[in-house]
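Colleague: This one is data-v2.cif, mmCIF, C-alpha atoms (C1' of nucleotides).
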data_run
#
loop_
_atom_site.label_atom_id
_atom_site.label_comp_id
_atom_site.auth_asym_id
_atom_site.auth_seq_id
_atom_site.Cartn_x
_atom_site.Cartn_y
_atom_site.Cartn_z
CA MET J 1440 8.31 -31.48 -7.23
CA THR J 1441 8.56 -28.00 -5.97
CA ARG J 1442 11.99 -26.55 -5.93
CA TRP J 1443 13.13 -24.24 -3.17
CA TYR J 1444 15.77 -21.65 -3.96
CA SER J 1445 17.59 -19.32 -1.64
CA PHE J 1446 19.92 -16.37 -1.49
CA PRO J 1447 21.80 -14.88 1.46
CA CYS J 1448 20.02 -11.98 3.17
CA LYS J 1449 20.29 -10.74 6.73
CA ILE J 1450 17.12 -9.97 8.62
CA GLN J 1451 18.31 -6.39 9.19
CA GLU J 1452 18.21 -5.91 5.43
CA LEU J 1453 14.76 -7.36 4.96
CA GLN J 1454 12.10 -8.47 7.40
CA LEU J 1455 9.35 -10.16 5.43
CA SER J 1456 6.87 -10.41 8.28
CA ILE J 1457 6.62 -6.64 8.57
CA THR J 1458 7.50 -5.43 5.10
CA LEU J 1459 4.90 -7.52 3.30
CA VAL J 1460 1.92 -6.59 5.45
CA CYS J 1461 2.56 -3.06 6.69
CA GLY J 1462 0.18 -1.48 4.20
CA GLN J 1463 2.33 -1.15 1.09
CA SER J 1464 0.93 -4.12 -0.77
CA PHE J 1465 -2.48 -5.55 0.04
CA ARG J 1466 -2.07 -8.95 -1.57
CA TRP J 1467 0.51 -10.90 0.42
CA ARG J 1468 -0.95 -13.65 2.59
CA GLU J 1469 0.65 -15.67 5.32
CA SER J 1470 -0.43 -18.95 3.74
CA SER J 1471 1.00 -20.93 6.62
CA PRO J 1472 3.09 -19.78 9.60
CA GLY J 1473 6.21 -18.08 8.28
CA LEU J 1474 5.28 -18.58 4.62
CA TRP J 1475 4.22 -15.62 2.50
CA THR J 1476 2.37 -16.10 -0.77
CA ASN J 1477 1.46 -13.74 -3.58
CA VAL J 1478 1.42 -13.31 -7.33
CA LEU J 1479 4.30 -11.38 -8.87
CA GLU J 1480 4.87 -10.94 -12.60
CA GLY J 1481 2.32 -13.58 -13.49
CA LYS J 1482 3.78 -16.27 -11.25
CA LEU J 1483 2.96 -17.58 -7.82
CA TRP J 1484 5.65 -17.04 -5.20
CA THR J 1485 6.02 -18.37 -1.70
CA LEU J 1486 8.70 -16.85 0.51
CA ARG J 1487 10.24 -17.71 3.83
CA GLN J 1488 13.32 -16.52 5.67
CA ASP J 1489 15.67 -17.14 8.57
CA ASP J 1490 18.46 -14.99 10.02
CA SER J 1491 20.76 -15.41 7.08
CA ALA J 1492 18.74 -16.20 3.96
CA VAL J 1493 15.52 -15.84 2.01
CA TYR J 1494 14.01 -19.05 0.61
CA TYR J 1495 11.49 -19.07 -2.17
CA THR J 1496 9.47 -21.19 -4.58
CA VAL J 1497 8.04 -20.02 -7.87
CA THR J 1498 5.19 -21.60 -9.80
CA ASP J 1499 4.89 -20.52 -13.40
CA PRO J 1500 1.41 -21.25 -14.80
CA ASP J 1501 2.89 -21.29 -18.31
CA ASP J 1502 5.20 -24.12 -17.35
CA ALA J 1503 3.15 -27.33 -17.30
CA SER J 1504 5.74 -29.26 -15.32
CA ASP J 1505 5.24 -26.81 -12.44
CA ALA J 1506 1.49 -26.99 -12.30
CA LEU J 1507 1.11 -29.75 -9.75
CA GLY J 1508 4.01 -28.82 -7.56
CA SER J 1509 2.89 -25.56 -6.03
CA VAL J 1510 3.57 -25.08 -2.38
CA THR J 1511 1.86 -22.42 -0.35
CA HIS J 1512 1.62 -24.62 2.66
CA LEU J 1513 3.99 -26.68 4.73
CA GLU J 1514 3.46 -28.97 7.66
CA ALA J 1515 5.85 -28.61 10.56
CA GLY J 1516 9.17 -30.14 9.68
CA ASP J 1517 8.41 -30.32 5.98
CA PHE J 1518 10.86 -27.66 5.06
CA SER J 1519 13.92 -29.68 5.90
CA LYS J 1520 12.78 -32.43 3.54
CA HIS J 1521 12.90 -30.12 0.58
CA ALA J 1522 16.16 -29.88 -1.24
CA CYS J 1523 17.22 -26.26 -1.46
CA SER J 1524 19.07 -25.11 -4.52
CA GLU J 1525 21.31 -22.10 -4.37
CA SER J 1526 19.25 -19.89 -6.60
CA ASP J 1527 17.78 -19.42 -10.02
CA ASP J 1528 19.26 -16.30 -11.55
CA LYS J 1529 16.18 -14.99 -13.29
CA TYR J 1530 13.90 -15.60 -10.32
CA GLU J 1531 16.37 -14.15 -7.86
CA ALA J 1532 16.64 -11.07 -10.07
CA VAL J 1533 12.88 -10.56 -9.81
CA LEU J 1534 13.01 -10.65 -6.02
CA ARG J 1535 16.11 -8.48 -5.77
CA ASP J 1536 14.34 -5.89 -7.88
CA TYR J 1537 11.06 -6.13 -5.94
CA PHE J 1538 12.82 -5.77 -2.60
CA GLN J 1539 15.30 -3.22 -3.99
CA LEU J 1540 18.16 -5.14 -2.40
CA ASP J 1541 20.77 -3.76 -4.77
CA ARG J 1542 19.45 -0.23 -4.62
CA ALA J 1543 19.69 0.47 -0.93
CA ASN J 1544 21.70 -0.85 1.97
CA LEU J 1545 19.13 -0.71 4.72
CA THR J 1546 21.62 -1.18 7.54
CA ALA J 1547 23.48 1.92 6.42
CA LEU J 1548 20.25 3.87 5.96
CA TYR J 1549 19.01 3.03 9.48
CA GLU J 1550 22.37 4.19 10.79
CA HIS J 1551 22.05 7.44 8.88
CA TRP J 1552 18.45 8.10 9.98
CA GLY J 1553 19.27 7.24 13.57
CA THR J 1554 22.21 9.61 13.62
CA ALA J 1555 20.16 12.44 12.17
CA ASP J 1556 17.11 11.82 14.34
CA PRO J 1557 17.02 10.50 17.93
CA ASN J 1558 13.30 9.75 17.55
CA PHE J 1559 14.05 7.41 14.70
CA ARG J 1560 16.64 5.56 16.73
CA LYS J 1561 13.98 4.57 19.27
CA VAL J 1562 11.64 3.35 16.56
CA ALA J 1563 14.28 1.35 14.73
CA VAL J 1564 14.83 -0.99 17.67
CA ASP J 1565 11.44 -2.61 17.17
CA PHE J 1566 11.26 -2.42 13.41
CA ALA J 1567 14.44 -3.60 11.74
CA GLY J 1568 14.44 -4.62 8.10
CA VAL J 1569 11.49 -2.56 6.88
CA ARG J 1570 11.91 -1.74 3.21
CA ILE J 1571 9.92 -0.01 0.56
CA LEU J 1572 8.89 -2.52 -2.10
CA ARG J 1573 9.26 -1.70 -5.77
CA GLN J 1574 5.74 -2.53 -6.84
CA ASP J 1575 3.97 -2.65 -10.15
CA PRO J 1576 2.63 0.88 -10.76
CA VAL J 1577 -0.75 -0.29 -12.04
CA GLU J 1578 -1.46 -2.43 -9.00
CA ASN J 1579 -0.05 0.23 -6.71
CA LEU J 1580 -2.16 3.03 -8.21
CA PHE J 1581 -5.51 1.25 -8.20
CA SER J 1582 -4.94 -0.30 -4.79
CA PHE J 1583 -4.32 3.10 -3.24
CA ILE J 1584 -7.29 4.67 -4.98
CA CYS J 1585 -9.22 2.09 -2.94
CA SER J 1586 -7.47 3.20 0.24
CA SER J 1587 -9.08 6.59 0.68
CA ASN J 1588 -11.04 7.02 3.89
CA ASN J 1589 -10.86 3.27 4.39
CA ASN J 1590 -9.31 0.55 6.53
CA ILE J 1591 -6.74 -2.08 5.60
CA THR J 1592 -9.08 -5.07 5.98
CA ARG J 1593 -11.60 -3.62 3.60
CA ILE J 1594 -8.94 -2.38 1.18
CA SER J 1595 -7.47 -5.89 0.97
CA GLY J 1596 -10.89 -7.34 0.22
CA MET J 1597 -11.49 -4.76 -2.49
CA VAL J 1598 -8.14 -5.43 -4.16
CA GLU J 1599 -8.93 -9.14 -4.11
CA LYS J 1600 -12.28 -8.48 -5.76
CA LEU J 1601 -10.61 -6.34 -8.39
CA CYS J 1602 -8.34 -9.28 -9.26
CA SER J 1603 -10.95 -12.03 -9.28
CA GLU J 1604 -13.38 -9.88 -11.27
CA TYR J 1605 -11.04 -8.30 -13.83
CA GLY J 1606 -7.72 -10.11 -13.55
CA LYS J 1607 -6.64 -13.29 -15.29
CA LYS J 1608 -6.81 -16.56 -13.41
CA LEU J 1609 -3.30 -17.92 -13.27
CA LEU J 1610 -3.65 -21.14 -11.34
CA GLU J 1611 -5.30 -22.91 -8.47
CA CYS J 1612 -3.36 -24.05 -5.47
CA GLY J 1613 -4.59 -25.52 -2.22
CA GLY J 1614 -8.19 -24.77 -3.18
CA ILE J 1615 -7.43 -21.09 -3.75
CA ASP J 1616 -7.55 -19.37 -7.13
CA TYR J 1617 -4.74 -16.95 -7.88
CA TYR J 1618 -5.22 -14.07 -10.29
CA SER J 1619 -3.07 -11.46 -11.93
CA PHE J 1620 -3.83 -7.83 -11.17
CA PRO J 1621 -6.13 -6.47 -13.89
CA SER J 1622 -4.76 -4.43 -16.77
CA VAL J 1623 -5.73 -0.79 -17.18
CA LYS J 1624 -7.62 -1.79 -20.31
CA SER J 1625 -9.77 -4.32 -18.47
CA LEU J 1626 -10.64 -1.72 -15.82
CA ALA J 1627 -11.55 0.73 -18.57
CA GLY J 1628 -14.25 -1.52 -20.01
CA GLU J 1629 -18.01 -0.98 -20.15
CA GLY J 1630 -19.97 -1.21 -16.92
CA VAL J 1631 -16.97 -1.34 -14.58
CA GLU J 1632 -18.23 1.43 -12.33
CA ASP J 1633 -21.67 -0.18 -11.87
CA ARG J 1634 -20.14 -3.58 -11.21
CA LEU J 1635 -17.71 -2.21 -8.63
CA ARG J 1636 -20.58 -0.41 -6.92
CA GLU J 1637 -22.36 -3.75 -6.67
CA LEU J 1638 -19.23 -5.23 -5.18
CA GLY J 1639 -19.19 -2.64 -2.40
CA PHE J 1640 -16.55 -0.18 -3.62
CA GLY J 1641 -18.73 2.83 -2.87
CA TYR J 1642 -17.64 6.11 -4.38
CA ARG J 1643 -14.24 4.61 -5.27
CA ALA J 1644 -15.96 2.71 -8.10
CA LYS J 1645 -16.14 5.93 -10.10
CA TYR J 1646 -12.53 6.84 -9.32
CA ILE J 1647 -11.28 3.48 -10.60
CA ALA J 1648 -13.38 3.45 -13.73
CA GLN J 1649 -12.57 7.06 -14.63
CA THR J 1650 -8.86 6.76 -13.95
CA ALA J 1651 -8.62 3.56 -16.00
CA SER J 1652 -10.54 5.12 -18.90
CA TYR J 1653 -8.46 8.27 -18.75
CA ILE J 1654 -5.17 6.36 -18.89
CA ALA J 1655 -6.43 4.01 -21.63
CA GLU J 1656 -7.63 6.91 -23.79
CA ASN J 1657 -4.86 9.44 -23.23
CA HIS J 1658 -1.85 7.33 -22.34
CA SER J 1659 -1.08 3.64 -21.75
CA GLU J 1660 0.28 1.42 -19.03
CA LEU J 1661 3.71 2.21 -20.42
CA TRP J 1662 3.11 5.88 -19.65
CA LEU J 1663 2.59 4.96 -16.01
CA TYR J 1664 5.87 3.04 -15.99
CA SER J 1665 7.62 5.89 -17.78
CA LEU J 1666 6.95 8.15 -14.80
CA ARG J 1667 9.80 6.26 -13.16
CA ASP J 1668 12.10 8.28 -15.37
CA ARG J 1669 10.53 11.66 -14.59
CA PRO J 1670 11.47 13.89 -11.65
CA TYR J 1671 9.45 13.41 -8.47
CA LEU J 1672 7.34 16.58 -8.63
CA GLU J 1673 6.53 16.08 -12.29
CA ALA J 1674 5.43 12.47 -11.75
CA LYS J 1675 3.34 13.53 -8.77
CA ALA J 1676 1.65 16.32 -10.73
CA GLU J 1677 0.82 13.89 -13.54
CA LEU J 1678 -0.73 11.41 -11.10
CA MET J 1679 -2.81 14.13 -9.45
CA LYS J 1680 -4.60 14.73 -12.73
CA LEU J 1681 -6.22 11.33 -12.24
CA CYS J 1682 -9.66 11.11 -10.67
CA GLY J 1683 -9.46 9.96 -7.06
CA VAL J 1684 -5.75 10.70 -6.81
CA GLY J 1685 -4.91 13.52 -4.42
CA ALA J 1686 -1.57 14.42 -2.89
CA LYS J 1687 -1.46 11.47 -0.50
CA VAL J 1688 -2.26 8.73 -3.00
CA ALA J 1689 0.06 10.32 -5.56
CA ASP J 1690 2.88 10.23 -3.02
CA CYS J 1691 2.14 6.59 -2.21
CA VAL J 1692 2.50 5.68 -5.88
CA CYS J 1693 5.62 7.83 -6.29
CA LEU J 1694 7.26 6.16 -3.30
CA MET J 1695 6.13 2.56 -3.75
CA SER J 1696 6.32 2.00 -7.47
CA LEU J 1697 7.89 4.99 -9.21
CA ASP J 1698 11.30 5.04 -7.50
CA LYS J 1699 10.78 8.37 -5.70
CA SER J 1700 12.44 7.47 -2.41
CA GLY J 1701 11.93 10.98 -1.03
CA ALA J 1702 8.15 11.02 -1.49
CA ILE J 1703 6.31 11.19 1.82
CA PRO J 1704 2.62 10.33 1.87
CA VAL J 1705 1.22 12.56 4.59
CA ASP J 1706 -1.77 10.72 5.99
CA THR J 1707 -3.47 11.26 9.33
CA HIS J 1708 -0.78 9.22 11.09
CA VAL J 1709 2.13 11.17 9.65
CA TRP J 1710 0.37 14.40 10.50
CA GLN J 1711 -0.01 13.18 14.11
CA ILE J 1712 3.61 12.09 14.30
CA ALA J 1713 4.82 15.40 12.91
CA ALA J 1714 2.72 17.44 15.32
CA ALA J 1715 3.51 15.31 18.36
CA SER J 1716 7.27 14.87 17.98
CA TYR J 1717 8.70 17.19 15.36
CA MET J 1718 6.61 20.25 14.53
CA PRO J 1719 4.68 21.39 17.63
CA GLN J 1720 3.37 24.43 15.79
CA LEU J 1721 1.10 22.05 13.84
CA LYS J 1722 -0.91 21.24 16.95
CA GLN J 1723 -3.00 24.36 16.49
CA LYS J 1724 -3.96 23.51 12.91
CA LYS J 1725 -7.49 22.27 12.47
CA SER J 1726 -7.06 20.47 9.19
CA LEU J 1727 -4.33 19.39 6.84
CA THR J 1728 -4.08 22.05 4.17
CA ASP J 1729 -2.05 21.81 0.98
CA SER J 1730 0.64 24.05 2.35
CA THR J 1731 0.91 22.14 5.63
CA TYR J 1732 1.07 18.92 3.64
CA GLN J 1733 4.09 20.23 1.75
CA GLU J 1734 5.65 21.69 4.85
CA ILE J 1735 5.59 18.29 6.56
CA GLY J 1736 7.11 16.49 3.56
CA ASN J 1737 9.85 19.08 3.25
CA PHE J 1738 10.62 18.87 6.94
CA PHE J 1739 11.18 15.13 6.85
CA ARG J 1740 13.12 15.23 3.59
CA ASP J 1741 15.42 17.78 5.18
CA LEU J 1742 15.76 15.65 8.33
CA TRP J 1743 16.15 12.19 6.83
CA GLY J 1744 17.60 12.86 3.39
CA ASP J 1745 17.12 11.22 0.00
CA TYR J 1746 15.41 8.12 1.34
CA ALA J 1747 13.05 10.03 3.62
CA GLY J 1748 10.07 8.10 2.28
CA TRP J 1749 11.66 4.87 3.45
CA ALA J 1750 12.30 6.24 6.92
CA HIS J 1751 8.75 7.57 7.10
CA SER J 1752 7.31 4.07 6.62
CA VAL J 1753 9.21 2.86 9.68
CA SER J 1754 7.93 5.74 11.79
CA VAL J 1755 4.34 5.10 10.76
CA LEU J 1756 4.67 1.52 11.98
CA PHE J 1757 5.67 2.80 15.37
CA CYS J 1758 2.68 5.10 15.42
CA LEU J 1759 0.29 2.27 14.52
CA GLN J 1760 1.79 0.00 17.16
CA ALA J 1761 1.36 2.69 19.80
CA GLN J 1762 -2.37 2.90 19.18
"C1'" DT L 846 -5.40 30.15 0.37
"C1'" DT L 847 -8.12 27.81 4.13
"C1'" DG L 848 -12.36 25.67 5.84
"C1'" DT L 849 -16.47 22.49 5.49
"C1'" DG L 850 -19.23 18.80 4.24
"C1'" DA L 851 -20.54 14.96 1.40
"C1'" DC L 852 -19.18 10.66 -0.24
"C1'" DC L 853 -19.84 4.39 0.18
"C1'" DT L 854 -19.30 0.63 3.12
"C1'" DA L 855 -18.33 -2.39 6.86
"C1'" DC L 856 -16.97 -2.96 11.16
"C1'" DT L 857 -16.55 -1.46 16.16
"C1'" DC L 858 -18.38 0.34 20.16
"C1'" DC L 859 -21.82 1.34 23.38
"C1'" DA B 1290 -30.86 -4.47 18.45
"C1'" DG B 1291 -29.44 -0.38 16.25
"C1'" DG B 1292 -27.35 4.24 15.88
"C1'" DA B 1293 -23.12 6.76 16.11
"C1'" DG B 1294 -18.46 6.91 15.05
"C1'" DT B 1295 -14.65 5.81 12.16
"C1'" DA B 1296 -11.14 4.10 8.86
"C1'" DG B 1297 -3.87 5.37 5.84
"C1'" DG B 1298 -8.70 10.90 1.31
"C1'" DT B 1299 -10.71 13.33 -2.52
"C1'" DC B 1300 -13.59 16.62 -4.54
"C1'" DA B 1301 -16.53 20.57 -4.78
"C1'" DC B 1302 -17.92 24.72 -3.12
#
Starting from the file, lay out its structure as structure tokens.
Modeller:
Amino acid sequence: MTRWYSFPCKIQELQLSITLVCGQSFRWRESSPGLWTNVLEGKLWTLRQDDSAVYYTVTDPDDASDALGSVTHLEAGDFSKHACSESDDKYEAVLRDYFQLDRANLTALYEHWGTADPNFRKVAVDFAGVRILRQDPVENLFSFICSSNNNITRISGMVEKLCSEYGKKLLECGGIDYYSFPSVKSLAGEGVEDRLRELGFGYRAKYIAQTASYIAENHSELWLYSLRDRPYLEAKAELMKLCGVGAKVADCVCLMSLDKSGAIPVDTHVWQIAAASYMPQLKQKKSLTDSTYQEIGNFFRDLWGDYAGWAHSVSVLFCLQAQ
DNA sequence: TTGTGACCTACTCC
DNA sequence: AGGAGTAGGTCAC
């Protein structure tokens, strides 16, 4: 029997429907209306929320008693039939960490950004509760190496292939196999580049294989995690030594898995936003140079403050919606 | 330093 | 039907 847990959480602090699919993580699926499913820390999670709480189930493949009780799917009205326990401390701690609920008060941050920036205030109306996730650095890094010059649909498919090809199968549920994200070591194996080429990764196949080999030979996965304890610019410089990791991807990893809340990935959208609404002098620039890249990041950090990277993600949503 | 073009693929548009 | 254009960049001149 699947057990549902819950903890109190206002929608202004966390909106799952936007946060989970706005291009931070490429693995969350809406397995049934209002239910979000993904693998986290080797377990299968399904989340749901209402105005006042987040509800969740966890299936641990190592726990035999769980194996048959997975729920990624509910018929209408099913939810009320499930008993809902208050919470399980260790599971709740995983989610609180992933959503950074104890790190940042989003309501206060929106207030701060809106006060500092009238443009932000307009955006915030439509996009409450958008948070930066605290992702696993390995998954975050390799997913965003896939993102270059690419679209979200294809990126998601590539990440899925990475998992089914090189990850570990955790369990099957509702006819779907769920995998862990591959380790650096498994991506550093023989023939990975050729295989990824076959799977349609294009030139990113080389980036993935080389980056994995480089980390496996010169560092370790722990090294990647340890960048959480280094200053922003140092962590970014380290990441940019990796093949296929330029300024934008490095900033994505800094922001989304290495705790650098001020990192601003300047992609084509951010460049457009900056030129259109904040820095008109950029309109005459033909391309995004290194110095312009830095100039844009510094501008927004100055405007929005320490959590500028978080505010930036909300603004990008507005830009995408406007298209 | 800044500017250009190539790089893989899949999907959209005409 | 099929070619051009493009999508949350990076690397090499």
Colleague: For the file shown, what are the residues hit by the PyMOL selection byres ((chain J) within 7 of (chain L)), laid out as an MDAnalysis selection string?
Modeller: chainID J and resid 1639:1642
Colleague: To one decimal place, how far is atom CA of Gly1462 of chain J from atom CA of Arg1593 of chain J in Å?
Modeller: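 Computing the Euclidean distance for atom CA of Gly1462 of chain J and atom CA of Arg1593 of chain J yields 12.0 Å.
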Colleague: J:Gly1701, J:Gly1685, J:Gly1606, J:Pro1500: which is nearest chain B, counting all atoms listed in the file?
Modeller: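 Selected residue with least distance to chain B: J:Gly1685.
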Colleague: Since I can't run it myself right now, could you work out what the PyMOL selection byres ((chain B) within 12 of (chain J)) selects here and report it as a PyMOL selection string?
Modeller: chain B and resi 1295-1300
Colleague: So the first atom is atom CA of Asn1657 of chain J and the second is atom CA of Leu1479 of chain J; what is the distance between them in Å, to one decimal place?
Modeller: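 That distance, rounded to one decimal, is 26.9 Å.
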